[in-house]
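Containing compact mmCIF, C-alpha atoms and all ligand atoms: structure06.txt.
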```txt
# COMPACT_ATOMS: atom_id res chain seq x y z
CA MET A 1 -2.84 -21.81 20.96
CA LYS A 2 -0.95 -20.19 18.09
CA ASP A 3 0.98 -17.17 19.17
CA TYR A 4 2.09 -14.28 16.94
CA LYS A 5 4.17 -11.16 17.46
CA ILE A 6 2.82 -8.05 15.76
CA ALA A 7 4.75 -4.79 15.78
CA VAL A 8 2.41 -1.81 15.73
CA ILE A 9 3.51 1.59 14.47
CA PRO A 10 0.63 4.06 14.80
CA GLY A 11 2.96 6.86 13.63
CA ASP A 12 1.61 10.37 13.21
CA GLY A 13 -1.65 12.19 12.60
CA ILE A 14 -4.66 10.00 11.92
CA GLY A 15 -2.35 6.97 11.97
CA VAL A 16 -3.03 6.93 15.70
CA ASP A 17 -6.83 7.20 15.41
CA ILE A 18 -7.25 4.49 12.79
CA THR A 19 -4.76 2.04 14.28
CA ARG A 20 -6.65 2.08 17.57
CA GLU A 21 -9.78 0.87 15.78
CA ALA A 22 -7.92 -1.74 13.74
CA LEU A 23 -6.38 -3.26 16.88
CA LYS A 24 -9.82 -3.77 18.42
CA VAL A 25 -10.90 -5.58 15.28
CA MET A 26 -7.77 -7.73 15.29
CA ASN A 27 -8.30 -8.71 18.91
CA LYS A 28 -11.86 -9.75 18.28
CA VAL A 29 -10.89 -11.86 15.28
CA ALA A 30 -7.99 -13.43 17.19
CA GLU A 31 -10.40 -14.45 19.92
CA LYS A 32 -12.77 -16.02 17.44
CA TYR A 33 -10.01 -18.09 15.85
CA SER A 34 -8.24 -18.82 19.12
CA VAL A 35 -4.91 -17.29 18.27
CA LYS A 36 -2.90 -15.03 20.52
CA LEU A 37 -1.63 -11.75 19.12
CA ASN A 38 1.15 -10.09 21.09
CA PHE A 39 1.22 -6.44 20.07
CA THR A 40 4.29 -4.29 20.66
CA GLU A 41 3.77 -0.63 19.95
CA VAL A 42 6.83 1.17 18.59
CA LYS A 43 7.62 4.65 17.36
CA ALA A 44 8.48 5.80 13.86
CA GLY A 45 8.11 9.05 11.93
CA GLY A 46 7.44 12.40 13.56
CA VAL A 47 6.70 11.01 17.01
CA ALA A 48 10.06 9.26 16.95
CA ILE A 49 11.80 12.47 15.89
CA ASP A 50 10.19 14.25 18.83
CA ALA A 51 11.04 11.49 21.27
CA CYS A 52 14.56 10.62 20.16
CA GLN A 53 15.61 12.83 17.23
CA ASN A 54 15.51 9.85 14.90
CA PRO A 55 12.62 9.00 12.56
CA LEU A 56 13.45 5.29 12.79
CA PRO A 57 15.07 4.33 16.10
CA GLN A 58 17.09 1.13 16.03
CA GLU A 59 14.79 -0.35 18.66
CA THR A 60 11.81 0.04 16.32
CA LEU A 61 13.57 -1.73 13.48
CA ASP A 62 14.76 -4.51 15.81
CA ILE A 63 11.28 -5.13 17.19
CA CYS A 64 9.82 -5.18 13.68
CA LYS A 65 12.50 -7.65 12.59
CA ALA A 66 11.64 -9.94 15.48
CA SER A 67 7.90 -9.89 14.67
CA ASP A 68 5.69 -11.91 12.36
CA ALA A 69 4.17 -8.79 10.80
CA VAL A 70 3.97 -5.02 11.15
CA LEU A 71 0.87 -2.85 11.18
CA LEU A 72 1.67 0.75 10.27
CA GLY A 73 -0.58 3.80 10.47
CA ALA A 74 0.96 6.79 8.70
CA VAL A 75 3.92 9.08 9.18
CA GLY A 76 4.64 12.75 8.61
CA GLY A 77 3.10 16.16 9.12
CA PRO A 78 3.81 19.87 8.67
CA LYS A 79 5.63 20.03 12.00
CA TRP A 80 8.55 18.07 10.54
CA ASP A 81 8.42 19.36 6.96
CA ASN A 82 11.41 21.63 7.23
CA LEU A 83 13.90 19.08 8.44
CA GLU A 84 16.69 17.98 6.10
CA GLY A 85 16.17 14.83 3.99
CA SER A 86 17.76 12.27 6.29
CA LYS A 87 15.85 13.47 9.36
CA ARG A 88 12.36 13.63 7.88
CA PRO A 89 9.56 11.27 8.99
CA GLU A 90 9.39 9.75 5.49
CA LYS A 91 12.88 8.44 6.07
CA ALA A 92 11.34 6.00 8.53
CA LEU A 93 9.32 4.41 5.76
CA LEU A 94 12.34 3.95 3.54
CA GLY A 95 14.34 2.58 6.48
CA LEU A 96 11.61 0.08 7.30
CA ARG A 97 11.21 -1.02 3.69
CA GLY A 98 14.95 -1.35 3.11
CA GLY A 99 15.79 -2.67 6.58
CA LEU A 100 13.10 -5.34 6.46
CA GLY A 101 13.82 -6.25 2.82
CA LEU A 102 10.23 -5.55 1.74
CA TYR A 103 10.84 -5.36 -1.98
CA ALA A 104 7.26 -5.80 -3.16
CA ASN A 105 4.52 -3.30 -2.52
CA LEU A 106 1.00 -4.46 -3.37
CA ARG A 107 -1.59 -1.71 -3.75
CA PRO A 108 -5.01 -2.87 -4.80
CA ALA A 109 -7.44 -0.27 -6.09
CA LYS A 110 -11.01 -1.38 -6.32
CA VAL A 111 -14.27 0.48 -6.60
CA TYR A 112 -16.82 -0.59 -4.02
CA ASP A 113 -20.22 -0.83 -5.64
CA VAL A 114 -21.91 1.21 -2.92
CA LEU A 115 -19.24 3.92 -3.19
CA LYS A 116 -19.26 4.26 -6.97
CA THR A 117 -20.59 7.79 -6.86
CA ALA A 118 -17.51 8.86 -4.92
CA SER A 119 -15.30 8.33 -7.98
CA PRO A 120 -14.37 11.50 -9.85
CA LEU A 121 -14.67 9.58 -13.15
CA LYS A 122 -17.85 9.45 -15.21
CA ASN A 123 -20.32 6.66 -14.41
CA GLU A 124 -19.90 5.01 -17.79
CA ILE A 125 -16.18 4.57 -17.15
CA ILE A 126 -16.63 3.29 -13.60
CA ASP A 127 -19.43 0.94 -14.64
CA GLU A 128 -16.93 -1.05 -16.68
CA GLY A 129 -15.33 -1.94 -13.36
CA VAL A 130 -12.14 -0.93 -11.59
CA ASP A 131 -10.30 -3.73 -9.87
CA LEU A 132 -6.56 -3.51 -10.28
CA LEU A 133 -3.41 -4.21 -8.33
CA VAL A 134 -0.29 -2.07 -8.55
CA VAL A 135 2.80 -4.18 -7.87
CA ARG A 136 5.48 -1.63 -7.09
CA GLU A 137 9.16 -2.46 -6.64
CA LEU A 138 9.96 -0.99 -3.22
CA THR A 139 13.62 -1.29 -2.27
CA GLY A 140 15.43 -0.21 -5.42
CA GLY A 141 15.43 2.33 -8.21
CA ILE A 142 15.77 6.06 -7.73
CA TYR A 143 14.55 5.90 -4.12
CA PHE A 144 17.64 3.96 -3.12
CA GLY A 145 20.07 4.94 -5.88
CA ASP A 146 23.13 7.12 -5.62
CA ARG A 147 22.27 10.76 -4.99
CA GLY A 148 24.08 13.92 -4.15
CA ARG A 149 24.90 17.53 -4.70
CA CYS A 150 27.47 18.64 -7.24
CA GLU A 151 28.36 21.53 -9.50
CA ASP A 152 27.94 22.19 -13.21
CA ASN A 153 30.67 24.67 -14.06
CA GLY A 154 30.23 26.50 -10.80
CA ILE A 155 26.41 26.21 -10.80
CA ALA A 156 24.95 24.23 -7.92
CA ALA A 157 23.36 20.98 -9.10
CA ALA A 158 21.93 17.76 -7.69
CA TYR A 159 21.27 14.25 -8.96
CA ASP A 160 19.41 11.04 -8.11
CA THR A 161 20.02 7.78 -9.93
CA GLU A 162 17.59 5.22 -11.29
CA ARG A 163 19.35 1.87 -11.21
CA TYR A 164 18.06 -1.70 -11.33
CA ASN A 165 19.81 -5.01 -11.61
CA VAL A 166 18.44 -8.16 -13.23
CA GLU A 167 17.82 -9.91 -9.91
CA GLU A 168 15.76 -7.03 -8.52
CA ILE A 169 13.61 -6.93 -11.64
CA LYS A 170 13.16 -10.71 -11.71
CA LYS A 171 12.01 -10.81 -8.10
CA ILE A 172 9.34 -8.16 -8.49
CA ALA A 173 8.23 -9.56 -11.84
CA HIS A 174 7.58 -12.95 -10.25
CA VAL A 175 5.43 -11.28 -7.61
CA ALA A 176 3.38 -9.60 -10.33
CA PHE A 177 2.90 -12.76 -12.39
CA LYS A 178 2.01 -14.84 -9.34
CA SER A 179 -0.53 -12.22 -8.29
CA ALA A 180 -1.98 -12.19 -11.80
CA MET A 181 -2.41 -15.99 -11.67
CA LYS A 182 -4.76 -15.49 -8.73
CA ARG A 183 -6.62 -12.71 -10.52
CA ARG A 184 -7.58 -12.09 -14.16
CA LYS A 185 -4.21 -13.25 -15.54
CA LYS A 186 -3.07 -10.03 -17.09
CA VAL A 187 0.13 -8.07 -16.37
CA THR A 188 0.84 -4.61 -17.70
CA SER A 189 4.50 -3.74 -17.18
CA VAL A 190 5.01 0.00 -17.03
CA ASP A 191 8.28 1.69 -17.94
CA LYS A 192 9.83 4.49 -19.96
CA ALA A 193 11.77 2.27 -22.33
CA ASN A 194 11.67 4.87 -25.10
CA ILE A 195 14.09 6.95 -23.01
CA LEU A 196 15.59 5.09 -20.05
CA GLU A 197 18.21 2.35 -20.29
CA SER A 198 17.07 0.97 -16.92
CA SER A 199 13.60 0.59 -18.46
CA ARG A 200 14.99 -1.30 -21.45
CA LEU A 201 16.62 -3.77 -19.07
CA TRP A 202 13.37 -3.92 -17.08
CA ARG A 203 11.40 -4.78 -20.19
CA SER A 204 13.73 -7.54 -21.32
CA VAL A 205 13.80 -9.18 -17.88
CA VAL A 206 10.01 -9.00 -17.54
CA GLU A 207 9.68 -10.69 -20.92
CA LYS A 208 11.92 -13.54 -19.82
CA VAL A 209 10.04 -14.04 -16.56
CA ALA A 210 6.74 -14.00 -18.48
CA LYS A 211 7.77 -17.22 -20.27
CA GLU A 212 7.36 -19.05 -16.96
CA TYR A 213 3.72 -17.95 -16.81
CA PRO A 214 2.29 -18.88 -20.22
CA GLU A 215 -1.27 -18.38 -19.00
CA VAL A 216 -0.68 -14.74 -18.17
CA GLU A 217 -1.09 -12.12 -20.87
CA LEU A 218 1.68 -9.50 -20.76
CA ASN A 219 1.72 -6.07 -22.31
CA HIS A 220 4.05 -3.10 -21.91
CA LEU A 221 3.03 0.53 -21.58
CA TYR A 222 5.00 3.72 -21.16
CA VAL A 223 4.35 5.45 -17.90
CA ASP A 224 2.91 8.61 -19.45
CA ASN A 225 0.47 6.59 -21.49
CA THR A 226 -0.44 4.55 -18.41
CA ALA A 227 -1.30 7.72 -16.50
CA MET A 228 -3.68 8.58 -19.31
CA GLN A 229 -5.14 5.09 -19.71
CA LEU A 230 -5.88 4.89 -16.01
CA VAL A 231 -8.42 7.67 -16.28
CA ARG A 232 -9.58 6.80 -19.79
CA LYS A 233 -10.30 3.10 -19.28
CA PRO A 234 -9.20 1.71 -15.93
CA SER A 235 -11.06 -1.54 -16.58
CA GLN A 236 -8.25 -2.60 -18.97
CA PHE A 237 -5.89 -3.16 -16.03
CA ASP A 238 -5.50 -6.21 -13.84
CA VAL A 239 -1.93 -6.19 -12.47
CA ILE A 240 0.32 -3.19 -13.09
CA LEU A 241 3.98 -4.08 -12.58
CA THR A 242 6.33 -1.16 -12.20
CA SER A 243 9.35 0.48 -10.61
CA ASN A 244 9.54 2.25 -7.27
CA MET A 245 8.95 5.79 -8.47
CA PHE A 246 6.46 5.06 -11.27
CA GLY A 247 4.57 2.88 -8.80
CA ASP A 248 4.51 5.68 -6.26
CA ILE A 249 2.86 8.00 -8.75
CA LEU A 250 0.52 5.56 -10.46
CA SER A 251 -0.73 4.05 -7.21
CA ASP A 252 -1.87 7.49 -6.05
CA GLU A 253 -3.66 8.00 -9.32
CA ALA A 254 -5.24 4.54 -9.15
CA SER A 255 -6.45 5.12 -5.61
CA MET A 256 -7.99 8.45 -6.57
CA ILE A 257 -10.10 6.99 -9.34
CA THR A 258 -11.80 4.71 -6.83
CA GLY A 259 -12.93 7.86 -5.04
CA SER A 260 -12.31 6.32 -1.68
CA ILE A 261 -8.68 6.50 -0.72
CA GLY A 262 -9.82 6.11 2.89
CA MET A 263 -10.80 2.55 2.03
CA LEU A 264 -7.61 1.26 0.44
CA ALA A 265 -5.13 -1.01 2.17
CA SER A 266 -1.67 -2.07 1.05
CA SER A 267 1.01 -4.56 1.89
CA SER A 268 4.77 -4.58 1.56
CA VAL A 269 6.19 -8.07 1.43
CA ARG A 270 9.18 -10.29 0.65
CA GLU A 271 9.69 -14.03 -0.03
CA ASP A 272 8.60 -15.34 3.37
CA SER A 273 5.30 -14.58 5.05
CA PHE A 274 6.54 -11.48 6.87
CA GLY A 275 4.94 -8.22 5.77
CA MET A 276 4.15 -4.65 6.66
CA TYR A 277 0.56 -3.52 6.23
CA GLU A 278 -0.68 0.04 6.00
CA PRO A 279 -3.40 2.17 4.51
CA ILE A 280 -2.60 3.91 1.24
CA HIS A 281 -3.57 7.32 2.56
CA GLY A 282 -1.31 9.63 4.53
CA SER A 283 -1.37 11.05 8.03
CA ALA A 284 -3.94 13.84 7.32
CA PRO A 285 -2.72 16.05 10.17
CA ASP A 286 -5.60 18.50 9.66
CA ILE A 287 -8.16 15.99 10.93
CA ALA A 288 -5.95 14.07 13.39
CA GLY A 289 -7.41 13.38 16.81
CA LYS A 290 -10.81 14.77 15.82
CA ASP A 291 -12.65 11.49 15.39
CA LEU A 292 -13.07 12.24 11.67
CA ALA A 293 -10.71 9.80 9.96
CA ASN A 294 -11.95 6.75 8.11
CA PRO A 295 -10.52 3.68 9.90
CA LEU A 296 -11.62 1.24 7.19
CA ALA A 297 -8.39 1.27 5.17
CA GLN A 298 -6.49 0.35 8.30
CA ILE A 299 -9.04 -2.29 9.27
CA LEU A 300 -8.69 -3.75 5.77
CA SER A 301 -4.90 -3.62 6.15
CA ALA A 302 -5.35 -5.76 9.24
CA ALA A 303 -7.36 -8.18 7.08
CA MET A 304 -4.44 -8.38 4.65
CA LEU A 305 -2.12 -9.04 7.59
CA PHE A 306 -4.22 -12.01 8.69
CA GLU A 307 -4.34 -13.36 5.17
CA TYR A 308 -0.73 -13.05 4.09
CA SER A 309 1.35 -13.11 7.26
CA LEU A 310 -0.73 -15.33 9.52
CA ASP A 311 -2.22 -17.55 6.81
CA MET A 312 -5.74 -16.90 8.16
CA SER A 313 -7.72 -16.13 5.04
CA GLU A 314 -11.05 -16.92 6.70
CA ALA A 315 -10.37 -14.25 9.28
CA ALA A 316 -9.52 -11.83 6.49
CA ARG A 317 -12.81 -12.59 4.72
CA ASP A 318 -14.68 -12.05 8.03
CA ILE A 319 -13.23 -8.57 8.32
CA GLU A 320 -13.89 -7.68 4.69
CA ASN A 321 -17.46 -8.91 4.94
CA ALA A 322 -18.02 -6.96 8.14
CA VAL A 323 -16.79 -3.79 6.40
CA GLN A 324 -19.04 -4.49 3.44
CA ARG A 325 -22.08 -4.94 5.70
CA VAL A 326 -21.42 -1.67 7.50
CA LEU A 327 -21.26 0.10 4.14
CA ASP A 328 -24.38 -1.69 2.92
CA LYS A 329 -26.20 -0.39 5.98
CA GLY A 330 -25.33 3.12 4.86
CA PHE A 331 -22.73 4.17 7.43
CA ARG A 332 -20.02 6.51 6.16
CA THR A 333 -17.20 8.59 7.54
CA GLY A 334 -16.90 12.14 6.19
CA ASP A 335 -14.53 11.25 3.34
CA ILE A 336 -17.03 8.88 1.70
CA TYR A 337 -20.21 10.56 2.85
CA THR A 338 -22.94 11.29 0.30
CA GLU A 339 -26.44 12.59 0.90
CA GLY A 340 -28.81 9.98 2.21
CA THR A 341 -26.13 8.00 4.07
CA LYS A 342 -25.40 8.10 7.82
CA LYS A 343 -22.33 10.03 8.84
CA VAL A 344 -20.26 8.53 11.68
CA GLY A 345 -16.90 9.26 13.28
CA THR A 346 -13.77 7.12 13.50
CA LYS A 347 -14.69 5.40 16.76
CA GLU A 348 -18.25 4.65 15.79
CA MET A 349 -17.14 3.25 12.45
CA GLY A 350 -14.70 0.99 14.30
CA LYS A 351 -17.43 -0.15 16.64
CA LEU A 352 -19.86 -0.84 13.78
CA VAL A 353 -17.31 -3.17 12.19
CA LEU A 354 -16.70 -4.86 15.55
CA ASP A 355 -20.42 -5.45 15.99
CA GLU A 356 -20.60 -7.17 12.60
CA LEU A 357 -17.86 -9.63 13.51
C1 LIG A 401 4.08 6.14 -0.43
C2 LIG A 401 4.56 7.49 0.02
C3 LIG A 401 6.03 7.38 0.33
C4 LIG A 401 6.76 6.99 -0.94
C5 LIG A 401 6.67 8.62 0.93
C6 LIG A 401 5.89 9.15 2.10
C7 LIG A 401 8.11 8.37 1.31
O1 LIG A 401 4.29 8.45 -0.94
O2 LIG A 401 4.15 5.19 0.37
O3 LIG A 401 3.64 6.04 -1.57
O4 LIG A 401 7.09 7.85 -1.76
O5 LIG A 401 6.98 5.80 -1.13
MG MG A 402 3.17 7.74 -2.58
```

Render the structure in this file as structure tokens.
Amino acid sequence: MKDYKIAVIPGDGIGVDITREALKVMNKVAEKYSVKLNFTEVKAGGVAIDACQNPLPQETLDICKASDAVLLGAVGGPKWDNLEGSKRPEKALLGLRGGLGLYANLRPAKVYDVLKTASPLKNEIIDEGVDLLVVRELTGGIYFGDRGRCEDNGIAAAYDTERYNVEEIKKIAHVAFKSAMKRRKKVTSVDKANILESSRLWRSVVEKVAKEYPEVELNHLYVDNTAMQLVRKPSQFDVILTSNMFGDILSDEASMITGSIGMLASSSVREDSFGMYEPIHGSAPDIAGKDLANPLAQILSAAMLFEYSLDMSEAARDIENAVQRVLDKGFRTGDIYTEGTKKVGTKEMGKLVLDEL
């Protein structure tokens, strides 16, 4: 029997509620395919700050490093909002991404047919289809660049630095082009090359990498224009390739246009099969522990984990199909509820997916 180590980080807020449901689904699928999943639950984010004054304890990072994949819920909440930068829950995410070398963040945004009405965009825009993938560089740029406090002629000042080298850009560009080859073969590289030197380097490297993928169509857009195009005509996008910060912003926008952020999964990966999988949404502290959260994004993150880290794409399809059937039958958590559908809580939604497997 194949045996895998999975590190589980429920984290804070609804991270706990949704991860519980996803683990049940993973166990059921593991049983069906006769693999053994050894879960180790570890702390990161606010819970880790409370337990050991450190958002990312060394033990957590070590256990993740020794695993085949990581399933992460969400971190953060108002309780820890006033801590200084290096002690905030979000620091755990950056530490995990950097510490595990997860330089590529894949954030698909897709409109589910049965959830179309949940999109804030007009029907005629949505009807053209939204099915895109944001490929965000995750361990470089301004998130990891030099930063500090200084003075401008006696006036307090601060700075953060956007910096990329050719190797970093090449690596993420290859991820984008390879992803495009499995999709509609189109890459839109997003930058601010009219202003930023780092963007001009980005553009030239992306153009070189593109030569290795002659079948893929490449275009470049400025980030401000991209923000506009995403709401004007999202159907024009297949793969969006971009830097850490632009990807942070655009992936939120992309998820919003689908109208169902509670449905969207993501993965953070590197060259080998190791990856960290998490929903796109945050920890939603206001509804934590109330059986209100939508567990589907986390269940779909588990599907991604099976597909990319355990090479079990059939298992991934099983989970996705089960989710689709539950939606087709009209079950909805509060975030995607519309009149005429059946409202259920976190646990029941989890159970409905289990029953379809
Ligand atoms: C995300 C989040 C994080 C980021 C925060 C919580 C550090 O917004 O995963 O997009 O900015 O990367
Ligand atoms: Mg973000």

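Here atom CA of Asp62 of chain A stands at a distance of 19.3 Å from atom CA of Leu305 of chain A.
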
For Ile18 of chain A, work out the shell of residues within 12 Å, counting all atoms listed in the file and skipping chain neighbours fewer than 6 positions away, then give it as an mmCIF file with C-alpha atoms, in the coordinates of the input.
```cif
data_model
loop_
_atom_site.group_PDB
_atom_site.id
_atom_site.type_symbol
_atom_site.label_atom_id
_atom_site.label_comp_id
_atom_site.auth_asym_id
_atom_site.auth_seq_id
_atom_site.Cartn_x
_atom_site.Cartn_y
_atom_site.Cartn_z
ATOM 1 C CA VAL A 8 2.410 -1.810 15.730
ATOM 2 C CA ILE A 9 3.510 1.590 14.470
ATOM 3 C CA PRO A 10 0.630 4.060 14.800
ATOM 4 C CA GLY A 11 2.960 6.860 13.630
ATOM 5 C CA ASP A 12 1.610 10.370 13.210
ATOM 6 C CA LYS A 24 -9.820 -3.770 18.420
ATOM 7 C CA VAL A 25 -10.900 -5.580 15.280
ATOM 8 C CA LEU A 71 0.870 -2.850 11.180
ATOM 9 C CA LEU A 72 1.670 0.750 10.270
ATOM 10 C CA GLY A 73 -0.580 3.800 10.470
ATOM 11 C CA ALA A 74 0.960 6.790 8.700
ATOM 12 C CA GLY A 262 -9.820 6.110 2.890
ATOM 13 C CA MET A 263 -10.800 2.550 2.030
ATOM 14 C CA GLU A 278 -0.680 0.040 6.000
ATOM 15 C CA PRO A 279 -3.400 2.170 4.510
ATOM 16 C CA HIS A 281 -3.570 7.320 2.560
ATOM 17 C CA GLY A 282 -1.310 9.630 4.530
ATOM 18 C CA SER A 283 -1.370 11.050 8.030
ATOM 19 C CA ALA A 284 -3.940 13.840 7.320
ATOM 20 C CA ILE A 287 -8.160 15.990 10.930
ATOM 21 C CA ALA A 288 -5.950 14.070 13.390
ATOM 22 C CA GLY A 289 -7.410 13.380 16.810
ATOM 23 C CA LYS A 290 -10.810 14.770 15.820
ATOM 24 C CA ASP A 291 -12.650 11.490 15.390
ATOM 25 C CA LEU A 292 -13.070 12.240 11.670
ATOM 26 C CA ALA A 293 -10.710 9.800 9.960
ATOM 27 C CA ASN A 294 -11.950 6.750 8.110
ATOM 28 C CA PRO A 295 -10.520 3.680 9.900
ATOM 29 C CA LEU A 296 -11.620 1.240 7.190
ATOM 30 C CA ALA A 297 -8.390 1.270 5.170
ATOM 31 C CA GLN A 298 -6.490 0.350 8.300
ATOM 32 C CA ILE A 299 -9.040 -2.290 9.270
ATOM 33 C CA LEU A 300 -8.690 -3.750 5.770
ATOM 34 C CA SER A 301 -4.900 -3.620 6.150
ATOM 35 C CA ALA A 302 -5.350 -5.760 9.240
ATOM 36 C CA THR A 333 -17.200 8.590 7.540
ATOM 37 C CA GLY A 345 -16.900 9.260 13.280
ATOM 38 C CA THR A 346 -13.770 7.120 13.500
ATOM 39 C CA LYS A 347 -14.690 5.400 16.760
ATOM 40 C CA GLU A 348 -18.250 4.650 15.790
ATOM 41 C CA MET A 349 -17.140 3.250 12.450
ATOM 42 C CA GLY A 350 -14.700 0.990 14.300
ATOM 43 C CA LYS A 351 -17.430 -0.150 16.640
#
```

Pick from A:Arg136, A:Glu128, A:Ala322, A:Phe274, whichever lies nearest to Glu307 of chain A using all atoms listed in the file =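 Among the listed residues, the smallest separation from Glu307 of chain A belongs to A:Phe274.
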
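Note that atom CA of Leu56 of chain A and atom CA of Ser268 of chain A are 17.3 Å apart.
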
ask   = Which distance in Å separates atom CA of Glu137 of chain A and atom CA of Gly76 of chain A, to one decimal?
value =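 Going from atom CA of Glu137 of chain A over to atom CA of Gly76 of chain A, I get 22.0 Å.
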
key: Selection as a list in words: residues within 9 Å of ligand MG 402 (chain A) by only C-alpha atoms and all ligand atoms   =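 Every residue with an atom at most 9 Å from ligand MG 402 (chain A) is listed here: Met245, Gly247, Asp248, Ile249, Leu250, Ser251, Asp252, Ile280, His281 and Gly282 of chain A.
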
Between segment 41-145 of chain A and segment 221-238 of chain A, at 7 Å or less, what are the per-residue closest atom pairs and their distances in Å? Count only C-alpha atoms, order by chain and rising residue number, and return it as JSON lines.
```
{"residue": "A:Ile125", "atom": "CA", "partner": "A:Lys233", "partner_atom": "CA", "distance": 6.4}
{"residue": "A:Glu128", "atom": "CA", "partner": "A:Ser235", "partner_atom": "CA", "distance": 5.9}
{"residue": "A:Gly129", "atom": "CA", "partner": "A:Ser235", "partner_atom": "CA", "distance": 5.4}
{"residue": "A:Val130", "atom": "CA", "partner": "A:Ser235", "partner_atom": "CA", "distance": 5.1}
{"residue": "A:Asp131", "atom": "CA", "partner": "A:Asp238", "partner_atom": "CA", "distance": 6.7}
{"residue": "A:Leu132", "atom": "CA", "partner": "A:Asp238", "partner_atom": "CA", "distance": 4.6}
{"residue": "A:Leu133", "atom": "CA", "partner": "A:Asp238", "partner_atom": "CA", "distance": 6.2}
```

ask   = With only C-alpha atoms as the atoms that count, which of A:Gly77, A:Pro57, A:Gly95, A:Gly85 lies nearest to Gly15 of chain A?
value = A:Gly77

Axis-aligned box over every listed atom of ligand LIG 401 (chain A), padded by 8 Å per side: centre and edges in Å to one decimal, as AutoDock Vina command-line options?
```
--center_x 5.9 --center_y 7.2 --center_z 0.2 --size_x 20.5 --size_y 20.0 --size_z 19.9
```

Could you build a table of the residues in segment 185-273 of chain A lying no more than 12 Å from segment 159-163 of chain A, giving for each the nearest pair of atoms and their separation in Å rounded to one decimal place, using all atoms listed in the file, ordered by chain and ascending residue number, as JSON lines?
```
{"residue": "A:Asp191", "atom": "CA", "partner": "A:Glu162", "partner_atom": "CA", "distance": 12.0}
{"residue": "A:Lys192", "atom": "CA", "partner": "A:Glu162", "partner_atom": "CA", "distance": 11.7}
{"residue": "A:Leu196", "atom": "CA", "partner": "A:Glu162", "partner_atom": "CA", "distance": 9.0}
{"residue": "A:Glu197", "atom": "CA", "partner": "A:Arg163", "partner_atom": "CA", "distance": 9.2}
{"residue": "A:Ser198", "atom": "CA", "partner": "A:Arg163", "partner_atom": "CA", "distance": 6.2}
{"residue": "A:Ser199", "atom": "CA", "partner": "A:Arg163", "partner_atom": "CA", "distance": 9.3}
{"residue": "A:Arg200", "atom": "CA", "partner": "A:Arg163", "partner_atom": "CA", "distance": 11.6}
{"residue": "A:Leu201", "atom": "CA", "partner": "A:Arg163", "partner_atom": "CA", "distance": 10.1}
{"residue": "A:Trp202", "atom": "CA", "partner": "A:Arg163", "partner_atom": "CA", "distance": 10.2}
{"residue": "A:Ser243", "atom": "CA", "partner": "A:Glu162", "partner_atom": "CA", "distance": 9.5}
{"residue": "A:Asn244", "atom": "CA", "partner": "A:Glu162", "partner_atom": "CA", "distance": 9.5}
{"residue": "A:Met245", "atom": "CA", "partner": "A:Glu162", "partner_atom": "CA", "distance": 9.1}
{"residue": "A:Phe246", "atom": "CA", "partner": "A:Glu162", "partner_atom": "CA", "distance": 11.1}
```

Protein, DNA and RNA residues within 12 Å of (5.3, -5.4, -25.9), only C-alpha atoms, as a list in words = Val187, Thr188, Ser189, Val190, Asp191, Ala193, Arg200, Arg203, Ser204, Val206, Glu207, Ala210, Glu217, Leu218, Asn219, His220, Leu221 and Tyr222 of chain A

ask   = So, counting all atoms listed in the file, which residue among A:Val326, A:Val111, A:Leu83, A:Val47 is closest to Leu264 of chain A?
value =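 Once distances to Leu264 of chain A are computed over all atoms listed in the file, the minimum belongs to A:Val111.
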
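Among the candidate residues A:Lys208, A:Leu357, A:Ile257, A:Gly154, the one lying nearest to Asn123 of chain A is A:Ile257, with distances computed using all atoms listed in the file.
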
inquiry  = Just checking: using only C-alpha atoms, which residue out of A:Asp50, A:Glu21, A:Glu31, A:Asp127 ends up closest to Ala315 of chain A?
reply    =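 Residue with the minimum atom-to-atom distance to Ala315 of chain A: A:Glu31.
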
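Each of A:Val134, A:Ile14, A:Leu100, A:Leu37 was checked against ligand LIG 401 (chain A) using only C-alpha atoms and all ligand atoms; the smallest atom-to-atom distance is that of A:Val134.
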